[in-house]
Amino acid sequence: MFKNALLYRIGSWEPPSSTEIEKRLLNGRFIECGASQPESAGWVEPRGEKHSALMEGVGGQLILKLCVERKAVPSQVIKSQLEAETDKIEAHTGRRPKGKKAKELKEDIVHGLLPRAFPKRSTTTVWIDPRAQLVVVGAGSTKAADRVVSLLVELLANDKKSGITLTLLQTEMSPAIAMSDWLKTREAPAGFSIDRECELKQPDSEKATVRYARHTLDIEEVGEHIAQGKLPTSLAMTWNGRVSFVLTEALALKKIKLLDVALEGAGATGQGDDNGFDTDVAITTGELSQLIPQLIDALGGELKRDQPLPKAA
């Protein structure tokens, strides 16, 4: 269900009814790109079944899915056609288009090529936990999540007087500082273990980087890199032997994988369950609902909103 996850805290919010949210989703349903349209975004059915609901509720957890379609014209093709057109214009007028005219010419070329461009689609799953006042966006970076969050704020606002705020969740301790401590002491926080993947980067202009993959991190060399000033930007971990993931310096969870212990019995439970959708949602949200608070605690608790953001030393 989730390979990556970013955590957002819901501010004060009076949620619209499920019927109202579904109506708004229908108004924002995904429509594929037009012939000369470079990009289109909209909501699709989380179950993957046409004409089913655009918001699914499982055990009080709400699931949405955003689809984005993009058409990209190869830059080399644009460059070649632009050079050919500017050469032609220069031959006729004695002047080569520059500045605004060159830009307009390039835009015309792209517009003409778009109908022949192949579209590519991507989807992002969104999990809303109303009780915990938490939104989990299936993206690995804030840049990738920005559009989803903007559309969610627009979708979930009750009215002009009672909107919703989604704030990227921050912790008292910077993940980079916490990961440094765990690696230096060779001791993970309670309930977690350190796995065999890590990246350390020097926080200066040179950005010297060291990566470990499928390599034990319980070695002096790692501590020496940290002593030299390098900070972890990512660290592979496992929670309670049930979920493995990579924690980043931005508090993103990547490469999320539910392990066998967490999946025991899922096969039998999921039979006749619309290809296991409800079971998948129930297990994934159930596991992450326990992992996330423990990870926040391991990072010193959630940062109060009136406090400045933590800084990496």
# chains A, B, ... in the order shown; residues from 1 in each chain; ligands from 1
>>> residues_around(residues="Gly59 (chain A)", least_positions_apart="4", cutoff="10 Å", atoms="only C-alpha atoms", output="list in words")
Asp278, Val281, Ala282, Thr285 and Gly286 of chain A
>>> write_last_selection(atoms="N, CA and C atoms", output="short mmCIF file (atom, residue, chain, number, x, y, z; two decimals), in the first residue's frame")
data_model
loop_
_atom_site.label_atom_id
_atom_site.label_comp_id
_atom_site.auth_asym_id
_atom_site.auth_seq_id
_atom_site.Cartn_x
_atom_site.Cartn_y
_atom_site.Cartn_z
N ASP A 278 -9.33 -4.47 1.45
CA ASP A 278 -9.65 -4.15 2.84
C ASP A 278 -8.60 -4.71 3.80
N VAL A 281 -5.37 -2.65 3.54
CA VAL A 281 -5.52 -1.37 4.25
C VAL A 281 -5.49 -1.59 5.76
N ALA A 282 -6.23 -2.59 6.23
CA ALA A 282 -6.32 -2.83 7.67
C ALA A 282 -4.96 -3.19 8.26
N THR A 285 -2.36 0.06 7.76
CA THR A 285 -2.65 1.17 8.68
C THR A 285 -2.51 0.73 10.13
N GLY A 286 -2.84 -0.54 10.40
CA GLY A 286 -2.69 -1.03 11.77
C GLY A 286 -1.25 -1.04 12.22
#
>>> residues_around(residues="Lys120 (chain A)", least_positions_apart="5", cutoff="8 Å", atoms="only C-alpha atoms", output="PyMOL selection string")
chain A and resi 69-71
>>> residues_around(residues="Ile296 (chain A)", least_positions_apart="4", cutoff="10 Å", atoms="only C-alpha atoms", output="VMD selection string")
chain A and resid 169 to 173 175 251 291 to 292 300 to 303
>>> closest_residue(among="A:Trp239, A:Tyr212, A:Phe30, A:Trp43", to="Ala188 (chain A)", atoms="only C-alpha atoms")
A:Trp239
>>> closest_residue(among="A:Glu206, A:Leu134, A:Ser193, A:Glu85", to="Pro293 (chain A)", atoms="only C-alpha atoms")
A:Leu134
>>> select_by_dssp(residues="region 212-295 of chain A", states="helix (DSSP H, G or I)", output="mmCIF file with N, CA, C and O atoms, in the first residue's frame")
data_model
loop_
_atom_site.group_PDB
_atom_site.id
_atom_site.type_symbol
_atom_site.label_atom_id
_atom_site.label_comp_id
_atom_site.auth_asym_id
_atom_site.auth_seq_id
_atom_site.Cartn_x
_atom_site.Cartn_y
_atom_site.Cartn_z
ATOM 1 N N GLU A 220 33.670 0.636 13.676
ATOM 2 C CA GLU A 220 34.280 1.901 14.098
ATOM 3 C C GLU A 220 34.316 2.924 12.974
ATOM 4 O O GLU A 220 34.237 4.132 13.215
ATOM 5 N N GLU A 221 34.426 2.453 11.760
ATOM 6 C CA GLU A 221 34.526 3.344 10.604
ATOM 7 C C GLU A 221 33.346 4.306 10.514
ATOM 8 O O GLU A 221 33.516 5.483 10.194
ATOM 9 N N VAL A 222 32.144 3.802 10.834
ATOM 10 C CA VAL A 222 30.951 4.649 10.789
ATOM 11 C C VAL A 222 31.069 5.763 11.817
ATOM 12 O O VAL A 222 30.793 6.932 11.537
ATOM 13 N N GLY A 223 31.479 5.406 13.035
ATOM 14 C CA GLY A 223 31.658 6.406 14.086
ATOM 15 C C GLY A 223 32.706 7.440 13.722
ATOM 16 O O GLY A 223 32.574 8.628 14.064
ATOM 17 N N GLU A 224 33.741 7.021 13.007
ATOM 18 C CA GLU A 224 34.793 7.947 12.594
ATOM 19 C C GLU A 224 34.258 8.973 11.591
ATOM 20 O O GLU A 224 34.606 10.150 11.647
ATOM 21 N N HIS A 225 33.423 8.511 10.674
ATOM 22 C CA HIS A 225 32.824 9.442 9.706
ATOM 23 C C HIS A 225 31.971 10.489 10.422
ATOM 24 O O HIS A 225 32.000 11.682 10.081
ATOM 25 N N ILE A 226 31.232 10.046 11.430
ATOM 26 C CA ILE A 226 30.381 10.974 12.190
ATOM 27 C C ILE A 226 31.255 11.955 12.980
ATOM 28 O O ILE A 226 30.964 13.153 13.056
ATOM 29 N N ALA A 227 32.352 11.437 13.551
ATOM 30 C CA ALA A 227 33.276 12.296 14.303
ATOM 31 C C ALA A 227 33.891 13.361 13.391
ATOM 32 O O ALA A 227 34.226 14.466 13.842
ATOM 33 N N ASP A 260 7.108 -10.774 7.281
ATOM 34 C CA ASP A 260 6.251 -11.956 7.384
ATOM 35 C C ASP A 260 5.427 -11.995 8.655
ATOM 36 O O ASP A 260 4.265 -12.409 8.650
ATOM 37 N N VAL A 261 6.023 -11.564 9.774
ATOM 38 C CA VAL A 261 5.294 -11.595 11.050
ATOM 39 C C VAL A 261 4.034 -10.746 10.976
ATOM 40 O O VAL A 261 2.973 -11.119 11.490
ATOM 41 N N ALA A 262 4.121 -9.596 10.312
ATOM 42 C CA ALA A 262 2.972 -8.708 10.195
ATOM 43 C C ALA A 262 1.929 -9.248 9.221
ATOM 44 O O ALA A 262 0.741 -8.926 9.329
ATOM 45 N N LEU A 263 2.365 -10.080 8.286
ATOM 46 C CA LEU A 263 1.459 -10.568 7.241
ATOM 47 C C LEU A 263 0.860 -11.935 7.552
ATOM 48 O O LEU A 263 0.079 -12.451 6.759
ATOM 49 N N ALA A 266 -2.813 -13.110 6.692
ATOM 50 C CA ALA A 266 -3.450 -12.177 5.752
ATOM 51 C C ALA A 266 -4.057 -12.902 4.566
ATOM 52 O O ALA A 266 -5.096 -12.507 4.051
ATOM 53 N N GLY A 267 -3.414 -13.999 4.128
ATOM 54 C CA GLY A 267 -3.920 -14.721 2.971
ATOM 55 C C GLY A 267 -5.311 -15.257 3.189
ATOM 56 O O GLY A 267 -6.208 -15.082 2.367
ATOM 57 N N ALA A 268 -5.539 -15.883 4.341
ATOM 58 C CA ALA A 268 -6.861 -16.451 4.618
ATOM 59 C C ALA A 268 -7.891 -15.365 4.843
ATOM 60 O O ALA A 268 -9.020 -15.434 4.381
ATOM 61 N N THR A 269 -7.481 -14.304 5.547
ATOM 62 C CA THR A 269 -8.415 -13.219 5.851
ATOM 63 C C THR A 269 -8.841 -12.488 4.599
ATOM 64 O O THR A 269 -9.972 -12.022 4.482
ATOM 65 N N ASP A 274 -12.448 -8.451 -2.173
ATOM 66 C CA ASP A 274 -12.137 -7.523 -3.268
ATOM 67 C C ASP A 274 -10.645 -7.489 -3.552
ATOM 68 O O ASP A 274 -10.005 -6.445 -3.509
ATOM 69 N N ASN A 275 -10.081 -8.685 -3.817
ATOM 70 C CA ASN A 275 -8.647 -8.810 -4.104
ATOM 71 C C ASN A 275 -7.780 -8.379 -2.927
ATOM 72 O O ASN A 275 -6.635 -7.978 -3.110
ATOM 73 N N GLY A 276 -8.329 -8.435 -1.734
ATOM 74 C CA GLY A 276 -7.528 -8.161 -0.543
ATOM 75 C C GLY A 276 -7.370 -6.702 -0.195
ATOM 76 O O GLY A 276 -6.554 -6.369 0.677
ATOM 77 N N PHE A 277 -8.130 -5.815 -0.832
ATOM 78 C CA PHE A 277 -7.958 -4.376 -0.579
ATOM 79 C C PHE A 277 -8.193 -4.048 0.895
ATOM 80 O O PHE A 277 -7.366 -3.394 1.534
ATOM 81 N N ASP A 278 -9.332 -4.466 1.454
ATOM 82 C CA ASP A 278 -9.653 -4.146 2.843
ATOM 83 C C ASP A 278 -8.604 -4.713 3.796
ATOM 84 O O ASP A 278 -8.204 -4.054 4.765
ATOM 85 N N THR A 279 -8.166 -5.942 3.517
ATOM 86 C CA THR A 279 -7.151 -6.571 4.370
ATOM 87 C C THR A 279 -5.834 -5.810 4.298
ATOM 88 O O THR A 279 -5.183 -5.565 5.324
ATOM 89 N N ASP A 280 -5.437 -5.428 3.095
ATOM 90 C CA ASP A 280 -4.194 -4.680 2.901
ATOM 91 C C ASP A 280 -4.239 -3.365 3.672
ATOM 92 O O ASP A 280 -3.288 -3.003 4.375
ATOM 93 N N VAL A 281 -5.371 -2.647 3.544
ATOM 94 C CA VAL A 281 -5.516 -1.373 4.253
ATOM 95 C C VAL A 281 -5.487 -1.590 5.763
ATOM 96 O O VAL A 281 -4.795 -0.875 6.497
ATOM 97 N N ALA A 282 -6.234 -2.589 6.231
ATOM 98 C CA ALA A 282 -6.320 -2.834 7.673
ATOM 99 C C ALA A 282 -4.958 -3.187 8.265
ATOM 100 O O ALA A 282 -4.567 -2.674 9.326
ATOM 101 N N ILE A 283 -4.211 -4.055 7.580
ATOM 102 C CA ILE A 283 -2.907 -4.462 8.103
ATOM 103 C C ILE A 283 -1.907 -3.314 8.038
ATOM 104 O O ILE A 283 -1.212 -3.017 9.024
ATOM 105 N N THR A 284 -1.843 -2.645 6.890
ATOM 106 C CA THR A 284 -0.869 -1.563 6.729
ATOM 107 C C THR A 284 -1.122 -0.421 7.696
ATOM 108 O O THR A 284 -0.199 0.043 8.387
ATOM 109 N N THR A 285 -2.360 0.055 7.765
ATOM 110 C CA THR A 285 -2.646 1.167 8.677
ATOM 111 C C THR A 285 -2.513 0.730 10.130
ATOM 112 O O THR A 285 -2.089 1.519 10.976
ATOM 113 N N GLY A 286 -2.844 -0.536 10.403
ATOM 114 C CA GLY A 286 -2.695 -1.035 11.765
ATOM 115 C C GLY A 286 -1.246 -1.040 12.220
ATOM 116 O O GLY A 286 -0.933 -0.640 13.354
ATOM 117 N N GLU A 287 -0.354 -1.502 11.348
ATOM 118 C CA GLU A 287 1.068 -1.545 11.697
ATOM 119 C C GLU A 287 1.660 -0.140 11.790
ATOM 120 O O GLU A 287 2.353 0.200 12.757
ATOM 121 N N LEU A 288 1.374 0.693 10.786
ATOM 122 C CA LEU A 288 1.943 2.045 10.793
ATOM 123 C C LEU A 288 1.353 2.905 11.903
ATOM 124 O O LEU A 288 2.021 3.823 12.396
ATOM 125 N N SER A 289 0.130 2.624 12.317
ATOM 126 C CA SER A 289 -0.488 3.377 13.419
ATOM 127 C C SER A 289 0.259 3.151 14.727
ATOM 128 O O SER A 289 0.205 3.985 15.637
ATOM 129 N N GLN A 290 0.950 2.036 14.823
ATOM 130 C CA GLN A 290 1.772 1.762 16.020
ATOM 131 C C GLN A 290 3.210 2.221 15.816
ATOM 132 O O GLN A 290 3.840 2.742 16.746
ATOM 133 N N LEU A 291 3.726 2.020 14.609
ATOM 134 C CA LEU A 291 5.116 2.393 14.330
ATOM 135 C C LEU A 291 5.325 3.902 14.437
ATOM 136 O O LEU A 291 6.292 4.359 15.075
ATOM 137 N N ILE A 292 4.451 4.684 13.827
ATOM 138 C CA ILE A 292 4.646 6.133 13.747
ATOM 139 C C ILE A 292 4.766 6.796 15.119
ATOM 140 O O ILE A 292 5.717 7.563 15.357
ATOM 141 N N PRO A 293 3.843 6.542 16.067
ATOM 142 C CA PRO A 293 3.997 7.172 17.382
ATOM 143 C C PRO A 293 5.294 6.770 18.087
ATOM 144 O O PRO A 293 5.920 7.593 18.771
ATOM 145 N N GLN A 294 5.710 5.511 17.935
ATOM 146 C CA GLN A 294 6.947 5.074 18.574
ATOM 147 C C GLN A 294 8.167 5.738 17.935
ATOM 148 O O GLN A 294 9.138 6.068 18.622
ATOM 149 N N LEU A 295 8.105 5.946 16.623
ATOM 150 C CA LEU A 295 9.208 6.643 15.959
ATOM 151 C C LEU A 295 9.270 8.099 16.399
ATOM 152 O O LEU A 295 10.356 8.638 16.657
#
>>> atom_distance(atom1="CA of Ile63 (chain A)", atom2="CA of Met1 (chain A)")
10.3 Å
>>> select_by_dssp(residues="region 86-291 of chain A", states="strand (DSSP E or B)", output="count of residues only")
55
>>> residues_around(residues="Glu39 (chain A)", least_positions_apart="3", cutoff="12 Å", atoms="only C-alpha atoms", output="compact mmCIF listing (two decimals) with N, CA, C and O atoms, in the first residue's frame")
# COMPACT_ATOMS: atom_id res chain seq x y z
N PHE A 30 -10.12 12.25 -12.05
CA PHE A 30 -9.05 12.29 -13.04
C PHE A 30 -9.60 12.20 -14.46
O PHE A 30 -10.47 11.38 -14.76
N ILE A 31 -9.09 13.06 -15.33
CA ILE A 31 -9.39 13.04 -16.76
C ILE A 31 -8.04 13.04 -17.48
O ILE A 31 -7.17 13.85 -17.17
N GLU A 32 -7.87 12.14 -18.42
CA GLU A 32 -6.58 12.05 -19.11
C GLU A 32 -6.28 13.33 -19.87
O GLU A 32 -7.17 14.11 -20.20
N CYS A 33 -5.00 13.53 -20.15
CA CYS A 33 -4.55 14.75 -20.84
C CYS A 33 -5.22 14.89 -22.21
O CYS A 33 -5.42 13.90 -22.92
N GLY A 34 -5.56 16.13 -22.56
CA GLY A 34 -6.02 16.41 -23.90
C GLY A 34 -4.85 16.34 -24.87
O GLY A 34 -3.69 16.18 -24.46
N ALA A 35 -5.14 16.49 -26.15
CA ALA A 35 -4.12 16.33 -27.18
C ALA A 35 -2.89 17.21 -26.96
O ALA A 35 -1.75 16.77 -27.11
N SER A 36 -3.12 18.48 -26.58
CA SER A 36 -1.99 19.40 -26.40
C SER A 36 -1.81 19.82 -24.94
O SER A 36 -1.20 20.84 -24.65
N GLY A 42 -6.01 14.25 -10.98
CA GLY A 42 -7.35 14.08 -10.43
C GLY A 42 -7.44 12.81 -9.62
O GLY A 42 -6.50 11.99 -9.58
N CYS A 67 -4.15 10.56 -9.16
CA CYS A 67 -3.46 10.14 -10.38
C CYS A 67 -2.97 11.38 -11.12
O CYS A 67 -3.71 12.36 -11.27
N VAL A 68 -1.73 11.34 -11.56
CA VAL A 68 -1.16 12.44 -12.36
C VAL A 68 -0.65 11.86 -13.67
O VAL A 68 0.07 10.86 -13.68
N GLU A 69 -1.05 12.48 -14.76
CA GLU A 69 -0.58 12.07 -16.08
C GLU A 69 0.22 13.21 -16.69
O GLU A 69 -0.21 14.36 -16.66
N ARG A 70 1.38 12.88 -17.21
CA ARG A 70 2.24 13.89 -17.82
C ARG A 70 2.66 13.46 -19.21
O ARG A 70 2.93 12.27 -19.45
N LYS A 71 2.73 14.43 -20.10
CA LYS A 71 3.27 14.21 -21.44
C LYS A 71 4.59 14.96 -21.54
O LYS A 71 4.66 16.16 -21.28
N ALA A 72 5.61 14.24 -21.90
CA ALA A 72 6.94 14.85 -22.00
C ALA A 72 7.48 14.69 -23.41
O ALA A 72 7.48 13.59 -23.96
N VAL A 73 7.92 15.80 -23.99
CA VAL A 73 8.56 15.78 -25.30
C VAL A 73 10.07 15.75 -25.08
O VAL A 73 10.60 16.58 -24.33
N LEU A 114 3.21 17.88 -28.58
CA LEU A 114 2.50 17.21 -27.48
C LEU A 114 1.49 16.15 -27.94
O LEU A 114 1.39 15.09 -27.31
N ALA A 117 3.20 12.92 -28.13
CA ALA A 117 3.96 12.47 -26.98
C ALA A 117 3.21 11.36 -26.24
O ALA A 117 1.98 11.38 -26.16
N PHE A 118 3.96 10.41 -25.69
CA PHE A 118 3.36 9.33 -24.94
C PHE A 118 3.13 9.78 -23.49
O PHE A 118 4.05 10.28 -22.84
N PRO A 119 1.92 9.61 -22.97
CA PRO A 119 1.66 10.00 -21.58
C PRO A 119 2.18 8.97 -20.58
O PRO A 119 2.22 7.78 -20.87
N LYS A 120 2.59 9.46 -19.43
CA LYS A 120 3.02 8.58 -18.33
C LYS A 120 2.18 8.92 -17.10
O LYS A 120 1.98 10.10 -16.79
N ARG A 121 1.71 7.88 -16.41
CA ARG A 121 0.87 8.09 -15.25
C ARG A 121 1.55 7.61 -13.97
O ARG A 121 2.29 6.64 -13.99
N SER A 122 1.25 8.32 -12.91
CA SER A 122 1.70 7.90 -11.58
C SER A 122 0.57 8.14 -10.59
O SER A 122 -0.26 9.03 -10.80
>>> residues_around(residues="Val137 (chain A)", least_positions_apart="2", cutoff="6 Å", atoms="only C-alpha atoms", output="PyMOL selection string")
chain A and resi 5-6+126+139
>>> write_last_selection(atoms="N, CA, C and O atoms", output="compact mmCIF listing (two decimals), in the first residue's frame")
# COMPACT_ATOMS: atom_id res chain seq x y z
N ALA A 5 6.42 7.27 2.62
CA ALA A 5 5.40 7.96 3.41
C ALA A 5 5.96 9.25 4.00
O ALA A 5 7.08 9.29 4.51
N LEU A 6 5.16 10.32 3.88
CA LEU A 6 5.42 11.59 4.55
C LEU A 6 4.26 11.84 5.51
O LEU A 6 3.10 11.57 5.17
N VAL A 126 -3.18 8.22 -0.40
CA VAL A 126 -3.30 9.11 0.76
C VAL A 126 -4.13 8.39 1.83
O VAL A 126 -5.19 7.85 1.54
N ALA A 139 4.49 9.51 -0.57
CA ALA A 139 5.56 10.15 -1.35
C ALA A 139 6.83 10.18 -0.51
O ALA A 139 6.76 10.17 0.72
>>> residues_around(residues="Leu54 (chain A)", least_positions_apart="2", cutoff="12 Å", atoms="only C-alpha atoms", output="PyMOL selection string")
chain A and resi 18-30+42-52+56-57+62-67+125-126
>>> write_last_selection(atoms="N, CA, C and O atoms", output="tab-separated table (two decimals), in the first residue's frame")
chain	number	residue	atom	x	y	z
A	18	SER	N	-19.05	12.43	4.67
A	18	SER	CA	-18.47	11.54	3.66
A	18	SER	C	-19.14	11.75	2.31
A	18	SER	O	-18.49	11.71	1.27
A	19	THR	N	-20.44	12.02	2.34
A	19	THR	CA	-21.18	12.26	1.09
A	19	THR	C	-20.66	13.51	0.40
A	19	THR	O	-20.48	13.55	-0.82
A	20	GLU	N	-20.39	14.56	1.20
A	20	GLU	CA	-19.89	15.82	0.63
A	20	GLU	C	-18.49	15.63	0.07
A	20	GLU	O	-18.17	16.14	-1.01
A	21	ILE	N	-17.64	14.89	0.78
A	21	ILE	CA	-16.28	14.66	0.30
A	21	ILE	C	-16.31	13.87	-1.01
A	21	ILE	O	-15.59	14.19	-1.96
A	22	GLU	N	-17.17	12.85	-1.08
A	22	GLU	CA	-17.27	12.05	-2.30
A	22	GLU	C	-17.74	12.91	-3.48
A	22	GLU	O	-17.25	12.77	-4.60
A	23	LYS	N	-18.66	13.83	-3.19
A	23	LYS	CA	-19.15	14.73	-4.23
A	23	LYS	C	-18.01	15.60	-4.76
A	23	LYS	O	-17.88	15.80	-5.97
A	24	ARG	N	-17.20	16.11	-3.86
A	24	ARG	CA	-16.07	16.95	-4.27
A	24	ARG	C	-15.04	16.13	-5.06
A	24	ARG	O	-14.44	16.62	-6.02
A	25	LEU	N	-14.84	14.89	-4.64
A	25	LEU	CA	-13.92	14.02	-5.36
A	25	LEU	C	-14.40	13.78	-6.79
A	25	LEU	O	-13.61	13.75	-7.73
A	26	LEU	N	-15.70	13.60	-6.93
A	26	LEU	CA	-16.27	13.39	-8.26
A	26	LEU	C	-16.03	14.61	-9.15
A	26	LEU	O	-15.76	14.49	-10.35
A	27	ASN	N	-16.11	15.79	-8.56
A	27	ASN	CA	-15.85	17.02	-9.32
A	27	ASN	C	-14.38	17.14	-9.72
A	27	ASN	O	-14.05	17.84	-10.68
A	28	GLY	N	-13.52	16.47	-8.96
A	28	GLY	CA	-12.09	16.50	-9.27
A	28	GLY	C	-11.58	15.18	-9.79
A	28	GLY	O	-10.39	14.89	-9.68
A	29	ARG	N	-12.48	14.37	-10.37
A	29	ARG	CA	-12.08	13.07	-10.89
A	29	ARG	C	-11.01	13.23	-11.98
A	29	ARG	O	-11.02	14.18	-12.75
A	30	PHE	N	-10.12	12.25	-12.05
A	30	PHE	CA	-9.05	12.29	-13.04
A	30	PHE	C	-9.60	12.20	-14.46
A	30	PHE	O	-10.47	11.38	-14.76
A	42	GLY	N	-6.01	14.25	-10.98
A	42	GLY	CA	-7.35	14.08	-10.43
A	42	GLY	C	-7.44	12.81	-9.62
A	42	GLY	O	-6.50	11.99	-9.58
A	43	TRP	N	-8.55	12.62	-8.96
A	43	TRP	CA	-8.75	11.50	-8.05
A	43	TRP	C	-9.26	10.27	-8.80
A	43	TRP	O	-10.08	10.37	-9.70
A	44	VAL	N	-8.76	9.10	-8.41
A	44	VAL	CA	-9.19	7.84	-9.00
A	44	VAL	C	-9.64	6.88	-7.88
A	44	VAL	O	-9.40	7.13	-6.70
A	45	GLU	N	-10.25	5.78	-8.27
A	45	GLU	CA	-10.77	4.81	-7.32
A	45	GLU	C	-9.63	4.07	-6.62
A	45	GLU	O	-8.80	3.44	-7.28
A	46	PRO	N	-9.55	4.13	-5.29
A	46	PRO	CA	-8.48	3.44	-4.56
A	46	PRO	C	-8.46	1.93	-4.80
A	46	PRO	O	-7.40	1.31	-4.78
A	47	ARG	N	-9.65	1.34	-5.01
A	47	ARG	CA	-9.70	-0.11	-5.24
A	47	ARG	C	-9.26	-0.49	-6.65
A	47	ARG	O	-9.05	-1.68	-6.94
A	48	GLY	N	-9.15	0.50	-7.52
A	48	GLY	CA	-8.79	0.21	-8.89
A	48	GLY	C	-9.93	-0.30	-9.73
A	48	GLY	O	-9.72	-0.79	-10.85
A	49	GLU	N	-11.17	-0.22	-9.22
A	49	GLU	CA	-12.35	-0.67	-9.95
A	49	GLU	C	-13.11	0.54	-10.47
A	49	GLU	O	-13.44	1.45	-9.71
A	50	LYS	N	-13.38	0.56	-11.76
A	50	LYS	CA	-14.08	1.68	-12.36
A	50	LYS	C	-15.45	1.87	-11.74
A	50	LYS	O	-16.15	0.91	-11.42
A	51	HIS	N	-15.81	3.12	-11.55
A	51	HIS	CA	-17.13	3.53	-11.05
A	51	HIS	C	-17.38	3.15	-9.59
A	51	HIS	O	-18.50	3.22	-9.11
A	52	SER	N	-16.33	2.74	-8.87
A	52	SER	CA	-16.48	2.53	-7.43
A	52	SER	C	-16.20	3.85	-6.72
A	52	SER	O	-15.93	4.87	-7.34
A	56	GLU	N	-12.45	5.49	0.16
A	56	GLU	CA	-12.77	4.22	0.82
A	56	GLU	C	-12.51	4.35	2.31
A	56	GLU	O	-11.50	4.93	2.74
A	57	GLY	N	-13.42	3.82	3.10
A	57	GLY	CA	-13.25	3.79	4.54
A	57	GLY	C	-13.11	2.36	5.03
A	57	GLY	O	-13.95	1.51	4.74
A	62	LEU	N	-9.48	6.48	6.23
A	62	LEU	CA	-9.94	6.93	4.93
A	62	LEU	C	-8.80	6.85	3.92
A	62	LEU	O	-7.68	7.30	4.20
A	63	ILE	N	-9.09	6.28	2.76
A	63	ILE	CA	-8.07	6.08	1.74
A	63	ILE	C	-8.50	6.78	0.45
A	63	ILE	O	-9.62	6.59	-0.04
A	64	LEU	N	-7.58	7.59	-0.10
A	64	LEU	CA	-7.79	8.28	-1.37
A	64	LEU	C	-6.61	7.95	-2.29
A	64	LEU	O	-5.56	7.49	-1.83
A	65	LYS	N	-6.77	8.23	-3.58
A	65	LYS	CA	-5.66	8.03	-4.51
A	65	LYS	C	-5.71	9.12	-5.58
A	65	LYS	O	-6.73	9.32	-6.24
A	66	LEU	N	-4.58	9.80	-5.75
A	66	LEU	CA	-4.46	10.84	-6.77
A	66	LEU	C	-3.66	10.30	-7.95
A	66	LEU	O	-2.61	9.66	-7.76
A	67	CYS	N	-4.15	10.56	-9.16
A	67	CYS	CA	-3.46	10.14	-10.38
A	67	CYS	C	-2.97	11.38	-11.12
A	67	CYS	O	-3.71	12.36	-11.27
A	125	THR	N	-1.03	7.33	-3.08
A	125	THR	CA	-2.05	6.94	-2.10
A	125	THR	C	-2.00	7.88	-0.90
A	125	THR	O	-0.92	8.29	-0.45
A	126	VAL	N	-3.18	8.22	-0.40
A	126	VAL	CA	-3.30	9.11	0.76
A	126	VAL	C	-4.13	8.39	1.83
A	126	VAL	O	-5.19	7.85	1.54
>>> closest_residue(among="A:Ala145, A:Ala190, A:Val110, A:Val136", to="Gln37 (chain A)", atoms="only C-alpha atoms")
A:Val110
